[in-house]
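Below is the file coords-v8.csv, which contains CSV, C-alpha atoms.
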chain,number,residue,atom,x,y,z
J,56,MET,CA,131.0,88.8,79.0
J,57,LEU,CA,132.2,92.2,77.5
J,58,GLN,CA,134.9,90.4,75.5
J,59,LEU,CA,132.3,88.0,74.2
J,60,LEU,CA,130.0,90.8,73.1
J,61,ARG,CA,132.9,92.5,71.4
J,62,LYS,CA,133.7,89.4,69.4
J,63,ILE,CA,130.0,88.9,68.4
J,64,ALA,CA,130.0,92.6,67.2
J,65,PHE,CA,132.8,91.9,64.7
J,66,PRO,CA,130.6,92.4,61.6
J,67,ILE,CA,129.5,95.8,62.9
J,68,SER,CA,133.2,96.7,63.3
J,69,LEU,CA,133.7,95.9,59.6
J,70,ILE,CA,130.9,98.3,58.7
J,71,TYR,CA,132.4,101.0,61.0
J,72,ALA,CA,135.8,100.4,59.4
J,73,LEU,CA,134.3,101.0,55.9
J,74,VAL,CA,132.7,104.2,57.0
J,75,VAL,CA,135.9,105.5,58.5
J,76,TYR,CA,137.8,104.5,55.3
J,77,MET,CA,135.4,106.3,53.1
J,78,ARG,CA,135.4,109.5,55.2
J,79,ASN,CA,139.2,109.6,55.1
J,80,PHE,CA,139.3,108.9,51.4
J,81,LEU,CA,137.0,111.8,50.7
J,82,PHE,CA,139.4,114.1,52.6
J,83,ASP,CA,142.4,112.6,50.9
J,84,VAL,CA,141.0,113.3,47.4
J,85,GLY,CA,139.8,116.8,48.3
J,86,ILE,CA,136.0,116.2,48.2
J,87,PHE,CA,136.0,117.1,51.9
J,88,THR,CA,138.4,119.9,52.7
J,89,SER,CA,140.7,120.8,55.5
J,90,LYS,CA,141.4,124.4,56.6
J,91,SER,CA,144.5,125.8,58.1
J,92,TYR,CA,144.8,128.9,60.2
J,93,LYS,CA,147.2,131.8,60.7
J,94,THR,CA,147.4,131.0,64.4
J,95,PRO,CA,149.8,128.0,65.0
J,96,THR,CA,147.8,125.0,66.2
J,97,ILE,CA,149.1,121.9,68.0
J,98,CYS,CA,146.8,118.9,67.8
J,99,VAL,CA,146.9,116.3,70.6
J,100,GLY,CA,144.9,113.1,69.9
J,101,ASN,CA,144.8,109.4,69.3
J,102,LEU,CA,143.2,106.8,67.1
J,103,SER,CA,141.3,105.1,69.9
J,104,VAL,CA,138.4,106.0,72.2
J,105,GLY,CA,140.5,107.0,75.2
J,106,GLY,CA,142.9,106.1,77.8
J,107,THR,CA,146.1,107.3,76.1
J,108,GLY,CA,146.8,110.3,78.4
J,109,LYS,CA,145.6,113.2,76.2
J,110,THR,CA,144.9,115.6,79.1
J,111,PRO,CA,148.3,115.1,80.8
J,112,MET,CA,149.9,115.6,77.4
J,113,THR,CA,148.0,118.8,76.9
J,114,GLU,CA,149.0,120.0,80.4
J,115,TYR,CA,152.7,119.1,79.6
J,116,LEU,CA,152.5,121.4,76.5
J,117,LEU,CA,150.9,124.2,78.5
J,118,ARG,CA,153.8,124.2,80.9
J,119,LEU,CA,156.2,124.5,77.9
J,120,LEU,CA,154.0,127.3,76.6
J,121,LYS,CA,153.7,129.2,79.8
J,122,ASP,CA,155.4,132.4,78.4
J,123,TYR,CA,152.9,132.7,75.5
J,124,ARG,CA,149.2,133.5,75.1
J,125,VAL,CA,147.7,130.1,74.8
J,126,ALA,CA,144.2,128.8,74.2
J,127,VAL,CA,142.9,125.3,74.5
J,128,LEU,CA,140.0,124.2,72.3
J,129,SER,CA,138.2,121.0,73.1
J,130,ARG,CA,134.8,119.4,72.3
J,131,GLY,CA,133.7,119.4,75.9
J,132,TYR,CA,132.3,115.9,76.0
J,133,LYS,CA,129.1,115.6,78.0
J,134,ARG,CA,128.8,119.3,78.8
J,135,LYS,CA,125.4,121.0,79.1
J,136,SER,CA,126.3,124.1,77.2
J,137,LYS,CA,125.8,124.4,73.4
J,138,GLY,CA,127.9,125.6,70.5
J,139,PHE,CA,130.9,127.7,71.3
J,140,TYR,CA,131.5,128.3,74.9
J,141,LEU,CA,134.4,130.3,76.4
J,142,GLY,CA,135.5,129.5,79.9
J,143,GLY,CA,135.2,132.3,82.5
J,144,PRO,CA,135.3,132.9,86.3
J,145,GLU,CA,131.8,131.5,86.7
J,146,SER,CA,132.2,128.5,84.5
J,147,THR,CA,131.4,125.1,85.9
J,148,VAL,CA,132.2,121.5,84.9
J,149,LEU,CA,128.7,121.3,83.4
J,150,ASP,CA,129.6,124.2,81.1
J,151,LEU,CA,132.9,123.0,79.9
J,152,GLY,CA,133.0,119.2,80.5
J,153,ASP,CA,135.4,117.5,82.9
J,154,GLU,CA,138.7,117.6,81.1
J,155,PRO,CA,138.5,121.2,79.8
J,156,TYR,CA,137.2,122.3,83.2
J,157,GLN,CA,140.2,120.6,84.9
J,158,ILE,CA,142.5,122.6,82.6
J,159,HIS,CA,140.5,125.8,83.2
J,160,LYS,CA,140.9,125.5,87.0
J,161,LYS,CA,144.6,124.5,86.8
J,162,PHE,CA,145.9,127.0,84.3
J,163,SER,CA,144.4,130.4,85.2
J,164,LYS,CA,146.3,132.2,82.4
J,165,VAL,CA,145.2,129.8,79.7
J,166,THR,CA,142.0,130.5,77.6
J,167,VAL,CA,139.9,127.4,77.5
J,168,ALA,CA,137.0,127.1,75.1
J,169,VAL,CA,134.8,124.2,73.9
J,170,ASP,CA,133.1,123.7,70.6
J,171,ALA,CA,132.3,120.5,68.7
J,172,ASP,CA,132.8,122.5,65.5
J,173,ARG,CA,136.6,123.1,65.6
J,174,ARG,CA,136.6,125.5,62.7
J,175,ARG,CA,134.1,127.8,64.5
J,176,GLY,CA,135.9,127.4,67.7
J,177,ILE,CA,139.3,128.5,66.2
J,178,LYS,CA,137.6,131.4,64.5
J,179,ASN,CA,136.0,132.6,67.7
J,180,LEU,CA,139.2,132.2,69.7
J,181,GLU,CA,141.2,134.2,67.1
J,182,ARG,CA,138.5,136.9,67.4
J,183,THR,CA,138.0,137.0,71.2
J,184,ALA,CA,141.4,135.9,72.7
J,185,ASN,CA,144.0,136.6,70.0
J,186,PRO,CA,146.1,133.6,71.1
J,187,GLU,CA,149.7,133.1,70.0
J,188,VAL,CA,149.1,129.3,69.8
J,189,ILE,CA,146.0,127.1,70.1
J,190,VAL,CA,146.2,123.5,71.5
J,191,LEU,CA,143.5,121.3,69.9
J,192,ASP,CA,142.6,118.7,72.5
J,193,ASP,CA,141.4,115.3,71.2
J,194,ALA,CA,141.3,116.5,67.6
J,195,PHE,CA,143.3,114.1,65.5
J,196,GLN,CA,140.2,112.7,63.8
J,197,HIS,CA,138.7,116.1,63.2
J,198,ARG,CA,140.1,116.5,59.7
J,199,LYS,CA,138.2,119.7,58.8
J,200,VAL,CA,141.1,121.5,60.5
J,201,GLN,CA,144.6,121.1,59.2
J,202,PRO,CA,146.8,121.7,62.3
J,203,THR,CA,150.3,123.2,62.2
J,204,TYR,CA,151.6,120.2,64.2
J,205,SER,CA,150.1,116.9,65.1
J,206,ILE,CA,150.9,114.7,68.1
J,207,LEU,CA,149.5,111.2,68.1
J,208,LEU,CA,149.4,109.2,71.4
J,209,THR,CA,149.3,105.4,71.8
J,210,THR,CA,149.9,103.3,74.8
J,211,PHE,CA,152.8,100.9,75.3
J,212,HIS,CA,150.5,97.9,76.2
J,213,ASN,CA,147.9,98.6,73.5
J,214,LEU,CA,149.6,100.1,70.4
J,215,TYR,CA,147.2,101.2,67.7
J,216,VAL,CA,148.8,98.8,65.3
J,217,ASP,CA,147.7,95.9,67.5
J,218,ASP,CA,144.1,97.2,67.9
J,219,TRP,CA,140.9,96.9,65.9
J,220,TYR,CA,137.9,99.0,65.1
J,221,LEU,CA,134.9,99.7,67.3
J,222,PRO,CA,133.0,98.0,68.8
J,223,THR,CA,135.2,94.9,68.7
J,224,GLY,CA,138.3,96.9,69.4
J,225,ASN,CA,139.0,100.5,70.6
J,226,LEU,CA,139.9,102.2,67.3
J,227,ARG,CA,137.8,105.1,66.1
J,228,ASP,CA,140.0,105.9,63.2
J,229,ALA,CA,142.1,103.9,60.7
J,230,LYS,CA,145.6,102.8,61.6
J,231,LYS,CA,147.0,104.2,58.4
J,232,GLU,CA,146.0,107.7,59.5
J,233,ALA,CA,149.0,107.7,61.8
J,234,LYS,CA,150.8,108.9,58.7
J,235,ARG,CA,149.4,112.4,59.4
J,236,ALA,CA,151.2,112.7,62.7
J,237,ASP,CA,154.4,114.7,63.0
J,238,LEU,CA,155.2,113.1,66.4
J,239,ILE,CA,154.1,109.8,67.9
J,240,ILE,CA,154.3,109.4,71.7
J,241,VAL,CA,154.1,106.0,73.3
J,242,THR,CA,152.6,106.6,76.7
J,243,LYS,CA,152.3,104.6,79.9
J,244,CYS,CA,155.6,102.8,79.3
J,245,PRO,CA,157.1,100.7,82.1
J,246,THR,CA,159.5,102.7,84.2
J,247,THR,CA,162.1,100.1,83.4
J,248,ILE,CA,161.7,100.4,79.6
J,249,GLY,CA,164.9,99.6,77.8
J,250,GLU,CA,166.4,100.0,74.4
J,251,GLU,CA,165.2,96.5,73.3
J,252,ASP,CA,161.6,97.4,74.2
J,253,LYS,CA,161.8,100.7,72.3
J,254,LYS,CA,163.3,98.9,69.3
J,255,ARG,CA,160.4,96.4,69.3
J,256,VAL,CA,157.8,99.2,69.5
J,257,MET,CA,159.5,101.0,66.6
J,258,GLU,CA,159.5,97.9,64.5
J,259,LYS,CA,155.7,97.6,65.0
J,260,LEU,CA,154.9,101.3,64.5
J,261,LYS,CA,157.1,101.6,61.4
J,262,PRO,CA,157.3,105.5,61.6
J,263,ARG,CA,157.8,107.4,58.4
J,264,SER,CA,161.1,109.2,57.9
J,265,PHE,CA,159.8,112.6,59.0
J,266,GLN,CA,158.1,111.2,62.2
J,267,LYS,CA,159.8,111.1,65.6
J,268,VAL,CA,158.8,108.6,68.3
J,269,LEU,CA,159.0,109.5,72.0
J,270,PHE,CA,158.4,107.3,75.0
J,271,ALA,CA,156.7,108.5,78.2
J,272,THR,CA,156.1,107.0,81.6
J,273,LEU,CA,153.4,108.0,84.1
J,274,LYS,CA,154.7,109.9,87.1
J,275,TYR,CA,152.6,109.9,90.2
J,276,GLN,CA,153.0,112.2,93.2
J,277,ASP,CA,153.8,110.8,96.6
J,278,TYR,CA,150.8,112.7,98.1
J,279,VAL,CA,147.1,113.3,97.4
J,280,THR,CA,145.5,116.7,97.4
J,281,ASP,CA,142.0,118.2,97.7
J,282,GLY,CA,142.9,120.8,95.1
J,283,LYS,CA,143.3,123.5,97.7
J,284,LYS,CA,145.7,123.4,100.7
J,285,GLY,CA,144.9,119.9,101.9
J,286,ILE,CA,147.8,117.5,101.2
J,287,VAL,CA,148.1,114.0,102.6
J,288,PRO,CA,151.2,111.9,102.1
J,289,LEU,CA,150.4,108.5,100.5
J,290,ALA,CA,152.1,106.7,103.4
J,291,GLU,CA,149.5,108.0,105.8
J,292,LEU,CA,146.7,106.3,103.8
J,293,LYS,CA,148.0,102.8,104.3
J,294,ASN,CA,145.7,102.1,107.2
J,295,THR,CA,142.7,104.3,106.2
J,296,PRO,CA,139.4,102.8,105.0
J,297,LEU,CA,139.7,104.0,101.4
J,298,ALA,CA,137.4,104.1,98.4
J,299,LEU,CA,139.1,104.5,95.0
J,300,VAL,CA,136.6,106.0,92.5
J,301,THR,CA,137.4,106.1,88.8
J,302,GLY,CA,135.4,107.1,85.8
J,303,ILE,CA,138.2,106.9,83.2
J,304,ALA,CA,138.9,104.7,80.2
J,305,SER,CA,142.0,103.0,81.6
J,306,PRO,CA,142.3,102.9,85.5
J,307,GLY,CA,144.7,99.9,85.4
J,308,PRO,CA,148.0,101.9,85.8
J,309,LEU,CA,146.6,103.9,88.8
J,310,VAL,CA,145.3,100.7,90.5
J,311,GLN,CA,148.6,99.0,90.0
J,312,PHE,CA,150.5,102.0,91.4
J,313,LEU,CA,148.4,102.2,94.5
J,314,LYS,CA,148.9,98.5,95.2
J,315,THR,CA,152.6,98.8,94.6
J,316,VAL,CA,152.9,101.5,97.3
J,317,GLY,CA,150.8,99.5,99.8
J,318,ILE,CA,147.5,101.3,99.7
J,319,ASN,CA,144.4,99.1,100.4
J,320,PHE,CA,141.2,100.2,98.8
J,321,GLU,CA,137.8,99.2,97.4
J,322,HIS,CA,137.7,100.2,93.8
J,323,PHE,CA,134.5,101.6,92.3
J,324,SER,CA,135.1,101.6,88.6
J,325,PHE,CA,132.9,103.3,86.1
J,326,GLY,CA,133.0,104.2,82.4
J,327,ASP,CA,134.8,107.2,81.0
J,328,HIS,CA,133.2,110.5,81.8
J,329,HIS,CA,130.7,108.8,84.1
J,330,HIS,CA,128.0,111.0,85.7
J,331,PHE,CA,127.9,110.0,89.3
J,332,THR,CA,124.4,109.5,90.7
J,333,ASP,CA,123.3,110.6,94.2
J,334,GLY,CA,123.0,106.9,95.1
J,335,GLU,CA,126.6,106.2,94.1
J,336,VAL,CA,127.8,109.2,96.0
J,337,GLU,CA,126.0,108.0,99.1
J,338,ARG,CA,128.0,104.8,98.9
J,339,PHE,CA,131.3,106.7,98.6
J,340,LYS,CA,130.4,108.6,101.8
J,341,GLU,CA,130.6,105.4,103.8
J,342,TYR,CA,134.4,105.6,103.6
J,343,GLU,CA,136.8,107.7,105.7
J,344,THR,CA,138.6,108.9,102.6
J,345,VAL,CA,137.7,108.9,98.9
J,346,LEU,CA,140.5,109.0,96.4
J,347,THR,CA,139.8,109.7,92.7
J,348,THR,CA,141.5,110.9,89.6
J,349,GLU,CA,141.9,114.6,88.8
J,350,LYS,CA,139.4,114.3,86.0
J,351,ASP,CA,136.8,112.6,88.2
J,352,PHE,CA,137.5,115.1,91.1
J,353,VAL,CA,135.9,118.0,89.2
J,354,ARG,CA,132.7,116.0,88.9
J,355,LEU,CA,132.6,114.9,92.6
J,356,GLU,CA,133.9,118.1,94.3
J,357,GLY,CA,131.4,119.5,96.7
J,358,ARG,CA,129.4,116.2,96.8
J,359,VAL,CA,131.8,114.1,98.8
J,360,GLU,CA,133.7,115.1,102.0
J,361,ASN,CA,137.4,114.0,102.5
J,362,LEU,CA,137.8,113.8,98.7
J,363,TYR,CA,141.3,113.7,97.3
J,364,PHE,CA,142.9,113.1,93.9
J,365,LEU,CA,146.4,111.9,92.9
J,366,GLU,CA,148.1,114.0,90.3
J,367,ILE,CA,149.8,112.4,87.4
J,368,ALA,CA,152.0,113.6,84.6
J,369,HIS,CA,153.9,112.3,81.6
J,370,SER,CA,157.7,111.9,82.3
J,371,PHE,CA,160.2,111.8,79.5
J,372,SER,CA,163.9,111.2,79.2
J,373,ASP,CA,166.1,114.3,78.9
J,374,GLU,CA,166.5,113.6,75.2
J,375,ASP,CA,162.8,113.2,74.5
J,376,ALA,CA,161.9,116.2,76.6
J,377,ALA,CA,164.3,118.3,74.5
J,378,VAL,CA,162.5,117.2,71.4
J,379,LEU,CA,159.2,118.5,72.7
J,380,GLU,CA,160.8,121.8,73.7
J,381,GLY,CA,162.2,122.1,70.2
J,382,VAL,CA,158.7,121.5,68.8
J,383,VAL,CA,157.3,124.4,70.8
J,384,GLN,CA,160.2,126.7,69.9
J,385,GLY,CA,159.9,125.8,66.2
J,386,LEU,CA,156.3,126.9,66.1
J,387,LEU,CA,156.6,130.2,67.8
How would this structure read if it were set down as structure tokens?
Amino acid sequence: MLQLLRKIAFPISLIYALVVYMRNFLFDVGIFTSKSYKTPTICVGNLSVGGTGKTPMTEYLLRLLKDYRVAVLSRGYKRKSKGFYLGGPESTVLDLGDEPYQIHKKFSKVTVAVDADRRRGIKNLERTANPEVIVLDDAFQHRKVQPTYSILLTTFHNLYVDDWYLPTGNLRDAKKEAKRADLIIVTKCPTTIGEEDKKRVMEKLKPRSFQKVLFATLKYQDYVTDGKKGIVPLAELKNTPLALVTGIASPGPLVQFLKTVGINFEHFSFGDHHHFTDGEVERFKEYETVLTTEKDFVRLEGRVENLYFLEIAHSFSDEDAAVLEGVVQGLL
């Protein structure tokens, strides 16, 4: 039914594409302006509406930047706070939004702020935190800021070149805008990806001479955690009545991984950034163990007992990892 509705909405997608084209054109000719900043900025983003692994990529960069004063600036999607908000000891997921709050909890030395107005957010961060580098989370389409370095993510099984505009497809920005990226990372690649697969992707993406293309696979831990001291090996969950709860754009890889390692579960799948109702939470409590994603965990913590999440991270070849390390060193 969803696919049928998307096809019916094709005329709307043409209007959306025209609006996107005009907006980018106005930036390209200088009617709309982009502003750069003295603080180095690294933009992490995509051309689609989600599911490319932006948060794990931001976390990967934060580990590379661990010896520097780092700030992360995000929009804070579905947060309750308004304007510029700087994360602090008393901040909650409602103040920051799920993904920024996840980073705030996980990286205690990193300054995390949210603001839909990226210019105002950067200005306030420079004034209050004096960071050595700012990571702009999910900001590729925010052209009012000219980042120092741009990283564009696209998934192996749904490359942006094969996609179409909303609502028929998942694109929220034009394919040609990939030209603004300094680095393109193809995420969620098969663990068995070979040189022929990479060559095929490169032929589709047609990167410009200055653009590097890296390939990343998802790495899952062999245990689940409650975010504190509770750790349970995946092998111990094979005979446990288990609910898998996901409110992310693309749960497919996680579902496939759990099936591969022999975990049986009932999957409760919701839309990205879903707000779980009390009625939904009551259903989850019927299970001995509730497994979720790290992003969903911050919205369910304290509402469900025996709640665990499975950590994921991007994994690169030694050669590609060296490229990312070089990017960081080159900026600072």
Inset, instruction - Find the residue from J:Gly108, J:Gly142, J:Gly100, J:Pro288 that sits nearest to Arg227 of chain J; use all atoms listed in the file when measuring. - result: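 Of J:Gly108, J:Gly142, J:Gly100, J:Pro288, the one nearest Arg227 of chain J is J:Gly100, counting all atoms listed in the file.
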Legend entry - Residue with smallest distance to Leu273 of chain J - pool J:Pro111, J:Pro186, J:Gly357, J:Gly143, counting all atoms listed in the file: J:Pro111
Inset, instruction - Quick one: pull the distance between atom CA of Val127 of chain J and atom CA of Thr272 of chain J, Å, one decimal. - result: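 Atom-to-atom, atom CA of Val127 of chain J and atom CA of Thr272 of chain J are spaced 23.7 Å apart.
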Legend entry - Among listed residues J:Tyr140, J:Phe312, J:Phe82, J:Tyr220, nearest Val200 of chain J (using only C-alpha atoms):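 Smallest separation from Val200 of chain J among the options: J:Phe82.
If you measure from each of J:Leu379, J:Asn185, J:Lys231, J:Asp237 to Tyr76 of chain J using all atoms listed in the file, the closest one turns out to be J:Lys231.
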Inset, instruction - Could you pull out every residue with an atom within 12 Å of (151.3, 101.3, 64.4), file coordinates, counting only C-alpha atoms, and send them as a ChimeraX atom specification? - result: /J:101-102,207-211,213-219,226,229-234,236,239-241,255-263,268
Legend entry - Nearest to Ala368 of chain J by atom-to-atom distance, counting only C-alpha atoms, from J:Lys109, J:Lys314, J:Lys121, J:His330: J:Lys109
Inset, instruction - Between J:Ile303, J:Val104, J:Ala194, J:Ile318, single out the one closest to Glu291 of chain J, counting all atoms listed in the file. - result: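 Closest to Glu291 of chain J of all the choices is J:Ile318.
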Inset, instruction - Figure out the distance between atom CA of Thr223 of chain J and atom CA of Ile67 of chain J, please, to one decimal in Å. - result: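 Taking atom CA of Ile67 of chain J as the start and atom CA of Thr223 of chain J as the end point, the length is 8.2 Å.
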Inset, instruction - One decimal, Å: what's the distance from atom CA of Gly381 of chain J over to atom CA of Ala126 of chain J, could you say? - result: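 Computing the Euclidean distance for atom CA of Gly381 of chain J and atom CA of Ala126 of chain J yields 19.6 Å.
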Inset, instruction - Tell me, as a list in words, which residues lie within 9 Å of Ile158 of chain J, counting only C-alpha atoms; anything in the same chain fewer than 4 positions away does not count. - result: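 Skipping anything fewer than 4 positions along the chain leaves Thr110, Thr113, Glu114, Val127, Asp153, Glu154, Phe162, Ser163, Val165 and Val167 of chain J.
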Inset, instruction - Excluding Leu119 of chain J and any residue of its chain fewer than 5 positions from it, enumerate the residues within 12 Å of it, using all atoms listed in the file, and give them as a list of chain:residue names. - result: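 My list of contacting residues is J:Met112, J:Thr113, J:Glu114, J:Arg124, J:Val125, J:Val188, J:Val190, J:Ala376, J:Ala377, J:Val378, J:Leu379, J:Glu380, J:Gly381, J:Val382, J:Val383, J:Gln384, J:Leu387.
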Legend entry - Nearby residues (all atoms listed in the file) at most 10 Å from segment 276-282 of chain J, same-chain spacing under 4 positions excluded, as number ranges by chain: J: 160-161, 286-292, 316, 346-349, 352-353, 356, 360-368
Written selection (C-alpha atoms) as a compact mmCIF listing (two decimals), in the frame of the given file:
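Written output follows (again-v3.txt):
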# COMPACT_ATOMS: atom_id res chain seq x y z
CA LYS J 160 140.90 125.50 87.00
CA LYS J 161 144.60 124.50 86.80
CA ILE J 286 147.80 117.50 101.20
CA VAL J 287 148.10 114.00 102.60
CA PRO J 288 151.20 111.90 102.10
CA LEU J 289 150.40 108.50 100.50
CA ALA J 290 152.10 106.70 103.40
CA GLU J 291 149.50 108.00 105.80
CA LEU J 292 146.70 106.30 103.80
CA VAL J 316 152.90 101.50 97.30
CA LEU J 346 140.50 109.00 96.40
CA THR J 347 139.80 109.70 92.70
CA THR J 348 141.50 110.90 89.60
CA GLU J 349 141.90 114.60 88.80
CA PHE J 352 137.50 115.10 91.10
CA VAL J 353 135.90 118.00 89.20
CA GLU J 356 133.90 118.10 94.30
CA GLU J 360 133.70 115.10 102.00
CA ASN J 361 137.40 114.00 102.50
CA LEU J 362 137.80 113.80 98.70
CA TYR J 363 141.30 113.70 97.30
CA PHE J 364 142.90 113.10 93.90
CA LEU J 365 146.40 111.90 92.90
CA GLU J 366 148.10 114.00 90.30
CA ILE J 367 149.80 112.40 87.40
CA ALA J 368 152.00 113.60 84.60
Inset, instruction - Considering only C-alpha atoms, return as number ranges by chain whatever protein or nucleic-acid residues lie within 8 Å of Phe320 of chain J, sequence-local ones (same chain, fewer than 2 positions apart) excluded. - result: J: 296-299, 318, 322
